[in-house]
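Participant: Input model-v8.cif, format and content: mmCIF, C-alpha atoms.
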```
data_work
loop_
_atom_site.group_PDB
_atom_site.id
_atom_site.type_symbol
_atom_site.label_atom_id
_atom_site.label_comp_id
_atom_site.auth_asym_id
_atom_site.auth_seq_id
_atom_site.Cartn_x
_atom_site.Cartn_y
_atom_site.Cartn_z
ATOM 1 C CA MET F 1 11.494 -3.405 -11.885
ATOM 2 C CA LYS F 2 10.961 0.198 -12.776
ATOM 3 C CA SER F 3 7.231 0.133 -13.155
ATOM 4 C CA ASP F 4 4.223 -1.857 -12.146
ATOM 5 C CA ASP F 5 3.476 -2.685 -15.752
ATOM 6 C CA ILE F 6 3.447 -6.372 -14.998
ATOM 7 C CA SER F 7 0.541 -8.752 -15.058
ATOM 8 C CA PRO F 8 0.212 -10.522 -11.741
ATOM 9 C CA GLN F 9 -0.530 -14.181 -11.539
ATOM 10 C CA GLY F 10 -4.140 -15.122 -11.166
ATOM 11 C CA ALA F 11 -5.503 -11.840 -12.478
ATOM 12 C CA ALA F 12 -9.206 -12.542 -12.681
ATOM 13 C CA ALA F 13 -11.499 -11.033 -15.253
ATOM 14 C CA ILE F 14 -13.727 -8.457 -13.629
ATOM 15 C CA ALA F 15 -16.306 -6.094 -15.001
ATOM 16 C CA PRO F 16 -15.644 -2.389 -15.432
ATOM 17 C CA ALA F 17 -17.306 -0.402 -12.664
ATOM 18 C CA ASP F 18 -18.977 2.937 -12.407
ATOM 19 C CA LEU F 19 -17.037 5.750 -10.813
ATOM 20 C CA SER F 20 -18.649 5.230 -7.421
ATOM 21 C CA ALA F 21 -16.551 2.086 -7.013
ATOM 22 C CA VAL F 22 -13.285 4.033 -6.960
ATOM 23 C CA THR F 23 -11.990 6.158 -4.092
ATOM 24 C CA VAL F 24 -9.156 8.688 -4.022
ATOM 25 C CA VAL F 25 -7.538 8.902 -0.576
ATOM 26 C CA VAL F 26 -5.279 11.899 0.026
ATOM 27 C CA CYS F 27 -2.904 12.163 2.978
ATOM 28 C CA THR F 28 -3.478 15.567 4.559
ATOM 29 C CA THR F 29 -0.441 15.448 6.852
ATOM 30 C CA CYS F 30 2.162 15.428 4.080
ATOM 31 C CA ARG F 31 4.511 18.362 3.877
ATOM 32 C CA GLY F 32 5.530 19.996 0.609
ATOM 33 C CA GLU F 33 9.005 20.393 -0.836
ATOM 34 C CA THR F 34 10.053 22.942 1.767
ATOM 35 C CA GLY F 35 9.188 20.562 4.610
ATOM 36 C CA SER F 36 7.216 23.341 6.270
ATOM 37 C CA ASP F 37 4.891 22.514 9.157
ATOM 38 C CA ALA F 38 2.647 25.469 8.276
ATOM 39 C CA HIS F 39 -1.059 24.848 7.947
ATOM 40 C CA PRO F 40 -2.787 24.073 5.753
ATOM 41 C CA ARG F 41 -0.253 21.395 4.967
ATOM 42 C CA ALA F 42 0.570 20.763 1.322
ATOM 43 C CA GLY F 43 -1.315 17.466 1.588
ATOM 44 C CA ALA F 44 -4.472 19.272 2.648
ATOM 45 C CA ILE F 45 -4.121 21.614 -0.315
ATOM 46 C CA LEU F 46 -3.761 18.626 -2.638
ATOM 47 C CA ALA F 47 -6.901 17.117 -1.095
ATOM 48 C CA HIS F 48 -8.890 20.232 -1.930
ATOM 49 C CA ASN F 49 -7.355 20.328 -5.393
ATOM 50 C CA ALA F 50 -8.458 16.726 -5.966
ATOM 51 C CA LYS F 51 -11.923 17.406 -4.589
ATOM 52 C CA ALA F 52 -12.332 20.320 -6.994
ATOM 53 C CA ALA F 53 -11.072 18.232 -9.917
ATOM 54 C CA ALA F 54 -13.448 15.398 -9.009
ATOM 55 C CA ASP F 55 -16.388 17.777 -9.308
ATOM 56 C CA GLY F 56 -18.663 15.290 -7.580
ATOM 57 C CA GLU F 57 -17.887 12.514 -10.061
ATOM 58 C CA VAL F 58 -15.281 10.653 -8.014
ATOM 59 C CA ARG F 59 -15.213 10.122 -4.268
ATOM 60 C CA VAL F 60 -12.314 11.933 -2.570
ATOM 61 C CA THR F 61 -11.469 11.179 1.055
ATOM 62 C CA THR F 62 -8.645 12.108 3.347
ATOM 63 C CA VAL F 63 -6.533 10.315 5.895
ATOM 64 C CA GLU F 64 -3.976 11.531 8.398
ATOM 65 C CA CYS F 65 -1.050 9.382 7.304
ATOM 66 C CA LEU F 66 -0.439 6.875 4.534
ATOM 67 C CA GLY F 67 2.976 6.058 5.976
ATOM 68 C CA ASN F 68 4.756 7.127 2.821
ATOM 69 C CA CYS F 69 6.607 9.930 4.549
ATOM 70 C CA LYS F 70 9.825 9.536 2.571
ATOM 71 C CA ARG F 71 8.282 10.486 -0.747
ATOM 72 C CA ARG F 72 6.384 13.683 -0.105
ATOM 73 C CA LEU F 73 2.751 14.199 -1.058
ATOM 74 C CA SER F 74 0.898 10.939 -1.157
ATOM 75 C CA ALA F 75 -2.435 9.557 -2.218
ATOM 76 C CA ALA F 76 -4.027 6.148 -2.657
ATOM 77 C CA LEU F 77 -6.427 4.853 -5.268
ATOM 78 C CA LEU F 78 -8.776 2.123 -4.075
ATOM 79 C CA ARG F 79 -11.397 0.002 -5.806
ATOM 80 C CA ASP F 80 -13.169 -2.814 -4.020
ATOM 81 C CA GLY F 81 -11.932 -6.244 -5.111
ATOM 82 C CA CYS F 82 -9.010 -4.705 -7.013
ATOM 83 C CA TRP F 83 -5.393 -3.906 -6.234
ATOM 84 C CA SER F 84 -4.833 -0.904 -3.941
ATOM 85 C CA TYR F 85 -2.281 1.700 -5.014
ATOM 86 C CA VAL F 86 -0.195 4.279 -3.175
ATOM 87 C CA PHE F 87 1.523 7.092 -5.051
ATOM 88 C CA GLY F 88 4.089 9.595 -3.824
ATOM 89 C CA ASP F 89 6.085 12.522 -5.216
ATOM 90 C CA LEU F 90 2.817 14.310 -6.001
ATOM 91 C CA THR F 91 2.330 18.082 -6.009
ATOM 92 C CA VAL F 92 -0.462 20.295 -4.723
ATOM 93 C CA THR F 93 -1.846 20.399 -8.268
ATOM 94 C CA SER F 94 -1.915 16.638 -8.893
ATOM 95 C CA GLY F 95 -5.663 16.487 -8.209
ATOM 96 C CA ALA F 96 -6.686 16.265 -11.858
ATOM 97 C CA ASP F 97 -4.207 13.436 -12.427
ATOM 98 C CA LEU F 98 -5.577 11.534 -9.433
ATOM 99 C CA VAL F 99 -9.099 11.903 -10.758
ATOM 100 C CA ALA F 100 -7.966 10.810 -14.226
ATOM 101 C CA GLY F 101 -6.320 7.780 -12.613
ATOM 102 C CA ALA F 102 -9.520 6.999 -10.723
ATOM 103 C CA LYS F 103 -11.574 7.141 -13.914
ATOM 104 C CA LEU F 104 -9.074 4.875 -15.648
ATOM 105 C CA PHE F 105 -9.199 2.451 -12.692
ATOM 106 C CA ALA F 106 -12.965 2.197 -13.090
ATOM 107 C CA THR F 107 -12.446 0.811 -16.613
ATOM 108 C CA SER F 108 -10.143 -1.961 -15.404
ATOM 109 C CA THR F 109 -11.087 -5.557 -16.156
ATOM 110 C CA ASP F 110 -8.135 -7.213 -14.402
ATOM 111 C CA GLY F 111 -8.074 -5.378 -11.072
ATOM 112 C CA LEU F 112 -5.099 -3.199 -12.042
ATOM 113 C CA ILE F 113 -4.984 0.439 -13.080
ATOM 114 C CA PRO F 114 -4.236 0.300 -16.824
ATOM 115 C CA TRP F 115 -0.719 1.463 -17.633
ATOM 116 C CA ARG F 116 -1.642 2.964 -20.971
ATOM 117 C CA GLY F 117 -3.239 6.339 -20.512
ATOM 118 C CA ARG F 118 -2.151 6.641 -16.902
ATOM 119 C CA PRO F 119 -0.998 10.173 -15.992
ATOM 120 C CA ASP F 120 2.771 10.334 -15.856
ATOM 121 C CA CYS F 121 2.872 11.138 -12.128
ATOM 122 C CA LEU F 122 0.949 7.903 -11.488
ATOM 123 C CA LYS F 123 3.635 5.991 -13.356
ATOM 124 C CA ARG F 124 6.754 7.568 -11.887
ATOM 125 C CA GLY F 125 5.208 8.083 -8.456
ATOM 126 C CA LEU F 126 4.183 4.514 -7.752
ATOM 127 C CA VAL F 127 5.092 3.638 -4.174
ATOM 128 C CA ALA F 128 3.314 0.330 -3.715
ATOM 129 C CA ARG F 129 0.397 -1.766 -4.861
ATOM 130 C CA ILE F 130 -1.347 -4.363 -2.740
ATOM 131 C CA PRO F 131 -3.406 -7.233 -4.118
ATOM 132 C CA PRO F 132 -6.919 -7.960 -2.856
ATOM 133 C CA LEU F 133 -7.004 -10.828 -0.396
ATOM 134 C CA ASP F 134 -9.188 -12.996 -2.608
ATOM 135 C CA LEU F 135 -6.599 -12.948 -5.380
ATOM 136 C CA LEU F 136 -3.904 -14.494 -3.244
ATOM 137 C CA LYS F 137 -2.892 -18.105 -3.280
ATOM 138 C CA ASP F 138 -1.176 -19.903 -0.461
ATOM 139 C CA MET F 139 2.418 -20.965 -0.992
ATOM 140 C CA THR F 140 2.762 -24.645 -1.676
ATOM 141 C CA MET K 1 6.491 12.029 9.882
ATOM 142 C CA LYS K 2 9.118 9.423 10.516
ATOM 143 C CA SER K 3 6.835 6.628 11.592
ATOM 144 C CA ASP K 4 3.281 5.492 11.339
ATOM 145 C CA ASP K 5 2.852 5.735 15.067
ATOM 146 C CA ILE K 6 -0.147 7.982 14.665
ATOM 147 C CA SER K 7 -3.740 7.233 15.465
ATOM 148 C CA PRO K 8 -5.889 7.770 12.407
ATOM 149 C CA GLN K 9 -9.185 9.520 12.640
ATOM 150 C CA GLY K 10 -12.187 7.271 13.076
ATOM 151 C CA ALA K 11 -10.216 4.276 14.267
ATOM 152 C CA ALA K 12 -12.970 1.904 15.259
ATOM 153 C CA ALA K 13 -12.708 -0.600 18.056
ATOM 154 C CA ILE K 14 -12.372 -4.081 16.623
ATOM 155 C CA ALA K 15 -11.846 -7.442 18.211
ATOM 156 C CA PRO K 16 -8.511 -9.224 18.196
ATOM 157 C CA ALA K 17 -8.501 -12.007 15.610
ATOM 158 C CA ASP K 18 -6.980 -15.432 15.373
ATOM 159 C CA LEU K 19 -3.927 -15.830 13.196
ATOM 160 C CA SER K 20 -5.939 -17.049 10.215
ATOM 161 C CA ALA K 21 -7.163 -13.479 9.724
ATOM 162 C CA VAL K 22 -3.684 -12.181 8.886
ATOM 163 C CA THR K 23 -1.776 -12.769 5.653
ATOM 164 C CA VAL K 24 1.881 -12.184 4.834
ATOM 165 C CA VAL K 25 2.403 -11.372 1.148
ATOM 166 C CA VAL K 26 5.978 -11.565 -0.120
ATOM 167 C CA CYS K 27 7.074 -10.148 -3.462
ATOM 168 C CA THR K 28 9.072 -12.868 -5.208
ATOM 169 C CA THR K 29 10.411 -10.651 -7.985
ATOM 170 C CA CYS K 30 12.490 -8.381 -5.755
ATOM 171 C CA ARG K 31 16.225 -8.393 -6.215
ATOM 172 C CA GLY K 32 18.697 -8.328 -3.346
ATOM 173 C CA GLU K 33 21.380 -5.773 -2.604
ATOM 174 C CA THR K 34 23.506 -6.775 -5.578
ATOM 175 C CA GLY K 35 20.638 -6.199 -7.995
ATOM 176 C CA SER K 36 21.281 -9.603 -9.497
ATOM 177 C CA ASP K 37 18.693 -11.145 -11.834
ATOM 178 C CA ALA K 38 19.782 -14.644 -10.820
ATOM 179 C CA HIS K 39 17.110 -17.105 -9.778
ATOM 180 C CA PRO K 40 15.860 -17.779 -7.256
ATOM 181 C CA ARG K 41 15.458 -14.049 -6.701
ATOM 182 C CA ALA K 42 16.142 -12.705 -3.226
ATOM 183 C CA GLY K 43 12.397 -12.118 -2.847
ATOM 184 C CA ALA K 44 11.679 -15.783 -3.480
ATOM 185 C CA ILE K 45 14.264 -16.746 -0.858
ATOM 186 C CA LEU K 46 12.583 -14.396 1.624
ATOM 187 C CA ALA K 47 9.226 -15.989 0.824
ATOM 188 C CA HIS K 48 10.576 -19.416 1.714
ATOM 189 C CA ASN K 49 12.219 -17.999 4.823
ATOM 190 C CA ALA K 50 8.872 -16.531 5.904
ATOM 191 C CA LYS K 51 7.046 -19.756 5.117
ATOM 192 C CA ALA K 52 9.491 -21.685 7.291
ATOM 193 C CA ALA K 53 9.165 -19.157 10.108
ATOM 194 C CA ALA K 54 5.364 -19.284 9.900
ATOM 195 C CA ASP K 55 5.489 -23.045 10.539
ATOM 196 C CA GLY K 56 1.861 -23.354 9.475
ATOM 197 C CA GLU K 57 0.653 -20.815 12.009
ATOM 198 C CA VAL K 58 0.417 -17.804 9.699
ATOM 199 C CA ARG K 59 -0.648 -17.741 6.060
ATOM 200 C CA VAL K 60 2.197 -16.792 3.713
ATOM 201 C CA THR K 61 1.477 -15.990 0.084
ATOM 202 C CA THR K 62 3.490 -14.584 -2.772
ATOM 203 C CA VAL K 63 2.913 -12.046 -5.487
ATOM 204 C CA GLU K 64 4.955 -11.053 -8.510
ATOM 205 C CA CYS K 65 5.278 -7.352 -7.783
ATOM 206 C CA LEU K 66 4.216 -5.053 -4.964
ATOM 207 C CA GLY K 67 5.395 -2.032 -6.939
ATOM 208 C CA ASN K 68 7.905 -1.058 -4.258
ATOM 209 C CA CYS K 69 10.852 -1.538 -6.529
ATOM 210 C CA LYS K 70 12.877 1.367 -5.153
ATOM 211 C CA ARG K 71 13.281 -0.119 -1.685
ATOM 212 C CA ARG K 72 14.485 -3.663 -2.240
ATOM 213 C CA LEU K 73 12.848 -6.703 -0.713
ATOM 214 C CA SER K 74 9.211 -6.078 0.006
ATOM 215 C CA ALA K 75 6.303 -7.696 1.765
ATOM 216 C CA ALA K 76 2.786 -6.735 2.787
ATOM 217 C CA LEU K 77 0.797 -7.558 5.902
ATOM 218 C CA LEU K 78 -2.954 -7.758 5.396
ATOM 219 C CA ARG K 79 -5.862 -8.296 7.761
ATOM 220 C CA ASP K 80 -9.450 -8.067 6.599
ATOM 221 C CA GLY K 81 -11.136 -4.849 7.751
ATOM 222 C CA CYS K 82 -7.824 -3.377 8.923
ATOM 223 C CA TRP K 83 -5.152 -1.152 7.431
ATOM 224 C CA SER K 84 -2.913 -2.811 4.814
ATOM 225 C CA TYR K 85 0.844 -2.380 5.163
ATOM 226 C CA VAL K 86 3.777 -2.555 2.759
ATOM 227 C CA PHE K 87 7.333 -2.835 4.034
ATOM 228 C CA GLY K 88 10.607 -2.528 2.149
ATOM 229 C CA ASP K 89 14.329 -2.716 2.877
ATOM 230 C CA LEU K 90 13.870 -6.293 4.092
ATOM 231 C CA THR K 91 16.481 -9.035 3.857
ATOM 232 C CA VAL K 92 16.263 -12.698 2.914
ATOM 233 C CA THR K 93 16.161 -13.532 6.614
ATOM 234 C CA SER K 94 13.326 -11.172 7.576
ATOM 235 C CA GLY K 95 10.796 -14.017 7.589
ATOM 236 C CA ALA K 96 10.670 -14.363 11.379
ATOM 237 C CA ASP K 97 10.100 -10.614 11.731
ATOM 238 C CA LEU K 98 7.250 -10.730 9.214
ATOM 239 C CA VAL K 99 5.635 -13.580 11.128
ATOM 240 C CA ALA K 100 6.117 -11.713 14.413
ATOM 241 C CA GLY K 101 4.477 -8.678 12.814
ATOM 242 C CA ALA K 102 1.575 -10.816 11.611
ATOM 243 C CA LYS K 103 1.040 -12.227 15.103
ATOM 244 C CA LEU K 104 1.118 -8.711 16.531
ATOM 245 C CA PHE K 105 -1.368 -7.537 13.885
ATOM 246 C CA ALA K 106 -3.794 -10.251 15.007
ATOM 247 C CA THR K 107 -3.887 -8.678 18.476
ATOM 248 C CA SER K 108 -4.859 -5.243 17.114
ATOM 249 C CA THR K 109 -8.060 -3.640 18.342
ATOM 250 C CA ASP K 110 -7.868 -0.478 16.222
ATOM 251 C CA GLY K 111 -7.026 -1.871 12.791
ATOM 252 C CA LEU K 112 -3.366 -0.880 13.002
ATOM 253 C CA ILE K 113 -0.288 -2.981 13.683
ATOM 254 C CA PRO K 114 0.747 -1.985 17.221
ATOM 255 C CA TRP K 115 3.925 0.071 17.251
ATOM 256 C CA ARG K 116 5.152 -1.289 20.545
ATOM 257 C CA GLY K 117 6.692 -4.694 20.097
ATOM 258 C CA ARG K 118 6.922 -4.352 16.347
ATOM 259 C CA PRO K 119 10.178 -5.775 14.928
ATOM 260 C CA ASP K 120 12.574 -2.976 14.081
ATOM 261 C CA CYS K 121 12.570 -3.726 10.354
ATOM 262 C CA LEU K 122 8.794 -3.233 10.357
ATOM 263 C CA LYS K 123 9.284 0.213 11.869
ATOM 264 C CA ARG K 124 12.123 1.505 9.717
ATOM 265 C CA GLY K 125 10.962 -0.308 6.609
ATOM 266 C CA LEU K 126 7.444 1.072 6.422
ATOM 267 C CA VAL K 127 6.670 2.013 2.829
ATOM 268 C CA ALA K 128 2.945 2.685 2.995
ATOM 269 C CA ARG K 129 -0.242 1.836 4.825
ATOM 270 C CA ILE K 130 -3.700 1.943 3.312
ATOM 271 C CA PRO K 131 -6.910 2.279 5.296
ATOM 272 C CA PRO K 132 -9.832 -0.088 4.781
ATOM 273 C CA LEU K 133 -12.553 1.437 2.640
ATOM 274 C CA ASP K 134 -15.147 1.321 5.398
ATOM 275 C CA LEU K 135 -13.019 3.533 7.627
ATOM 276 C CA LEU K 136 -12.972 6.398 5.177
ATOM 277 C CA LYS K 137 -15.136 9.444 5.353
ATOM 278 C CA ASP K 138 -16.019 11.651 2.431
ATOM 279 C CA MET K 139 -14.566 15.133 2.369
ATOM 280 C CA THR K 140 -17.077 17.751 3.307
#
```
What would you get if you wrote out this structure as structure tokens?
Facilitator:
Amino acid sequence: MKSDDISPQGAAAIAPADLSAVTVVVCTTCRGETGSDAHPRAGAILAHNAKAAADGEVRVTTVECLGNCKRRLSAALLRDGCWSYVFGDLTVTSGADLVAGAKLFATSTDGLIPWRGRPDCLKRGLVARIPPLDLLKDMT
Amino acid sequence: MKSDDISPQGAAAIAPADLSAVTVVVCTTCRGETGSDAHPRAGAILAHNAKAAADGEVRVTTVECLGNCKRRLSAALLRDGCWSYVFGDLTVTSGADLVAGAKLFATSTDGLIPWRGRPDCLKRGLVARIPPLDLLKDMT
């Protein structure tokens, strides 16, 4: 599949949330296109870019490694009780797109980030999505 | 970074858990190396392989898409309150390795799957790891 535009089984109806329910997590260890070890790392610059774009409306946090080291700058979008997303192939100026994705996630009523209206880098850059534990059903 | 063998900031001490705390999630939509659409899909065969390897000891669930479509057969390892992991580049016979990884995850005291003793495919195949929300700190 080329996208995550697929409705998972058992998608429960949930209520839209306010922005405080969504968190942007930026990996600050990621290197940029040149692979340089110089500090601040490209990931740290992206984190500050996202923080500025959030302007206090969306929570932005950082982490030392999201494990997505094969696809450059990485960030995750999390919302409690919803799917968790990791994106790669970002740039140091992807902050506004991450914040736009977070705001879109807050409107979700099925636990997924809506495909329509999602910034292009959050379509092409999808690395993985993980369902919330309470959505999962045992294999029979 | 080539691995996730890195201690994240703020890793809290947690207690080892019993196996019921860990869940293996296999993507059943994934195609195998040939890219064939034939059913059962390679991902579904891996799910059954993992279920057989678990032998009732570890919970195995399935999902329609983990969004990791660029790196073949995929599965996630989840443990409540811990980091969530997605692995790719698996094969239809990786079930025993996934179960071994789940058992190792249950022994964790820092929320991470221990690196030492981890099956090789769960080292090389790491796609992403996502921290639990309560581990995250706001950017200052």
Participant: To verify the selection step, state as an NGL selection string which residues the PyMOL selection byres ((chain K and resi 25) around 12) yields on this input.
Facilitator: (:F and (129-133 or 135-139)) or (:K and (22-24 or 26-28 or 43-44 or 46-48 or 50-51 or 58-66 or 73-79 or 84-87 or 95 or 98-99 or 102))
Participant: Take the residues just selected and output them with C-alpha atoms as a PDB file, in the frame of the given file.
Facilitator:
```
ATOM      1  CA  ARG F 129       0.397  -1.766  -4.861  1.00  0.00           C
ATOM      2  CA  ILE F 130      -1.347  -4.363  -2.740  1.00  0.00           C
ATOM      3  CA  PRO F 131      -3.406  -7.233  -4.118  1.00  0.00           C
ATOM      4  CA  PRO F 132      -6.919  -7.960  -2.856  1.00  0.00           C
ATOM      5  CA  LEU F 133      -7.004 -10.828  -0.396  1.00  0.00           C
ATOM      6  CA  LEU F 135      -6.599 -12.948  -5.380  1.00  0.00           C
ATOM      7  CA  LEU F 136      -3.904 -14.494  -3.244  1.00  0.00           C
ATOM      8  CA  LYS F 137      -2.892 -18.105  -3.280  1.00  0.00           C
ATOM      9  CA  ASP F 138      -1.176 -19.903  -0.461  1.00  0.00           C
ATOM     10  CA  MET F 139       2.418 -20.965  -0.992  1.00  0.00           C
TER      11      MET F 139
ATOM     12  CA  VAL K  22      -3.684 -12.181   8.886  1.00  0.00           C
ATOM     13  CA  THR K  23      -1.776 -12.769   5.653  1.00  0.00           C
ATOM     14  CA  VAL K  24       1.881 -12.184   4.834  1.00  0.00           C
ATOM     15  CA  VAL K  26       5.978 -11.565  -0.120  1.00  0.00           C
ATOM     16  CA  CYS K  27       7.074 -10.148  -3.462  1.00  0.00           C
ATOM     17  CA  THR K  28       9.072 -12.868  -5.208  1.00  0.00           C
ATOM     18  CA  GLY K  43      12.397 -12.118  -2.847  1.00  0.00           C
ATOM     19  CA  ALA K  44      11.679 -15.783  -3.480  1.00  0.00           C
ATOM     20  CA  LEU K  46      12.583 -14.396   1.624  1.00  0.00           C
ATOM     21  CA  ALA K  47       9.226 -15.989   0.824  1.00  0.00           C
ATOM     22  CA  HIS K  48      10.576 -19.416   1.714  1.00  0.00           C
ATOM     23  CA  ALA K  50       8.872 -16.531   5.904  1.00  0.00           C
ATOM     24  CA  LYS K  51       7.046 -19.756   5.117  1.00  0.00           C
ATOM     25  CA  VAL K  58       0.417 -17.804   9.699  1.00  0.00           C
ATOM     26  CA  ARG K  59      -0.648 -17.741   6.060  1.00  0.00           C
ATOM     27  CA  VAL K  60       2.197 -16.792   3.713  1.00  0.00           C
ATOM     28  CA  THR K  61       1.477 -15.990   0.084  1.00  0.00           C
ATOM     29  CA  THR K  62       3.490 -14.584  -2.772  1.00  0.00           C
ATOM     30  CA  VAL K  63       2.913 -12.046  -5.487  1.00  0.00           C
ATOM     31  CA  GLU K  64       4.955 -11.053  -8.510  1.00  0.00           C
ATOM     32  CA  CYS K  65       5.278  -7.352  -7.783  1.00  0.00           C
ATOM     33  CA  LEU K  66       4.216  -5.053  -4.964  1.00  0.00           C
ATOM     34  CA  LEU K  73      12.848  -6.703  -0.713  1.00  0.00           C
ATOM     35  CA  SER K  74       9.211  -6.078   0.006  1.00  0.00           C
ATOM     36  CA  ALA K  75       6.303  -7.696   1.765  1.00  0.00           C
ATOM     37  CA  ALA K  76       2.786  -6.735   2.787  1.00  0.00           C
ATOM     38  CA  LEU K  77       0.797  -7.558   5.902  1.00  0.00           C
ATOM     39  CA  LEU K  78      -2.954  -7.758   5.396  1.00  0.00           C
ATOM     40  CA  ARG K  79      -5.862  -8.296   7.761  1.00  0.00           C
ATOM     41  CA  SER K  84      -2.913  -2.811   4.814  1.00  0.00           C
ATOM     42  CA  TYR K  85       0.844  -2.380   5.163  1.00  0.00           C
ATOM     43  CA  VAL K  86       3.777  -2.555   2.759  1.00  0.00           C
ATOM     44  CA  PHE K  87       7.333  -2.835   4.034  1.00  0.00           C
ATOM     45  CA  GLY K  95      10.796 -14.017   7.589  1.00  0.00           C
ATOM     46  CA  LEU K  98       7.250 -10.730   9.214  1.00  0.00           C
ATOM     47  CA  VAL K  99       5.635 -13.580  11.128  1.00  0.00           C
ATOM     48  CA  ALA K 102       1.575 -10.816  11.611  1.00  0.00           C
TER      49      ALA K 102
END
```
Participant: Compile the contact shell of stretch 106-108 of chain K as JSON, numbers by chain: residues with an atom at most 12 Å away, counting all atoms listed in the file, same-chain residues fewer than 2 positions apart removed.
Facilitator: {"K": [11, 12, 13, 14, 15, 16, 17, 18, 19, 20, 21, 22, 23, 24, 57, 58, 77, 78, 79, 80, 81, 82, 83, 99, 100, 101, 102, 103, 104, 110, 111, 112, 113, 114, 115, 116, 117, 118]}
Participant: For K:Ala54, which residue among K:Ala38, K:Val127, K:Ala96, K:Leu122 is the nearest when counting all atoms listed in the file?
Facilitator: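 Counting all atoms listed in the file, the residue closest to K:Ala54 is K:Ala96.
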Participant: On this structure, the PyMOL selection byres ((chain F and resi 42) around 7) would catch which residues? List them as a ChimeraX atom specification, sorted by chain and number.
Facilitator: /F:30-32,40-41,43-46,92
Participant: Keeping only C-alpha atoms, write the selected residues as a tab-separated table (two decimals), keeping the file's coordinate frame.
Facilitator:
```
chain	number	residue	atom	x	y	z
F	30	CYS	CA	2.16	15.43	4.08
F	31	ARG	CA	4.51	18.36	3.88
F	32	GLY	CA	5.53	20.00	0.61
F	40	PRO	CA	-2.79	24.07	5.75
F	41	ARG	CA	-0.25	21.40	4.97
F	43	GLY	CA	-1.32	17.47	1.59
F	44	ALA	CA	-4.47	19.27	2.65
F	45	ILE	CA	-4.12	21.61	-0.32
F	46	LEU	CA	-3.76	18.63	-2.64
F	92	VAL	CA	-0.46	20.30	-4.72
```
Participant: Find the residue from K:Asp120, K:Thr93, K:Asp37, K:Phe105 that sits nearest to chain F; use all atoms listed in the file when measuring.
Facilitator: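 When distances to chain F are compared using all atoms listed in the file, the smallest one comes from K:Asp37.
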Participant: Which of these residues is nearest to K:Asp89, using only C-alpha atoms: K:Thr34, K:Pro119, K:Gly125, K:Gly67?
Facilitator: K:Gly125
Participant: So the first atom is atom CA of K:Arg71 and the second is atom CA of F:Asn49; what is the distance between them in Å, to one decimal place?
Facilitator: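 Distance between the two atoms: 29.3 Å.
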Participant: Could you work out how far atom CA of K:His39 lies from atom CA of K:Leu90, giving the answer in Å with one decimal?
Facilitator: 17.9 Å
Participant: K:Thr29, K:Cys121, K:Ala128, K:Arg72: which is nearest chain F, counting only C-alpha atoms?
Facilitator: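 Counting only C-alpha atoms, the residue closest to chain F is K:Ala128.
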Participant: Mind pulling up the distance from atom CA of F:Ser94 to atom CA of K:Lys123?
Facilitator: 28.7 Å
Participant: Between F:Asp55, F:Asp134, F:Asn68, F:Thr109, which is the closest to chain K once you count only C-alpha atoms?
Facilitator: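 Checking each candidate against chain K, we get F:Asn68 as the closest.
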Participant: Nearest to chain F among K:Ser36, K:Cys69, K:Ala53, K:Thr91, with distances taken over all atoms listed in the file: which residue is it?
Facilitator: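 Going through K:Ser36, K:Cys69, K:Ala53, K:Thr91 one by one, the smallest distance to chain F is for K:Cys69.
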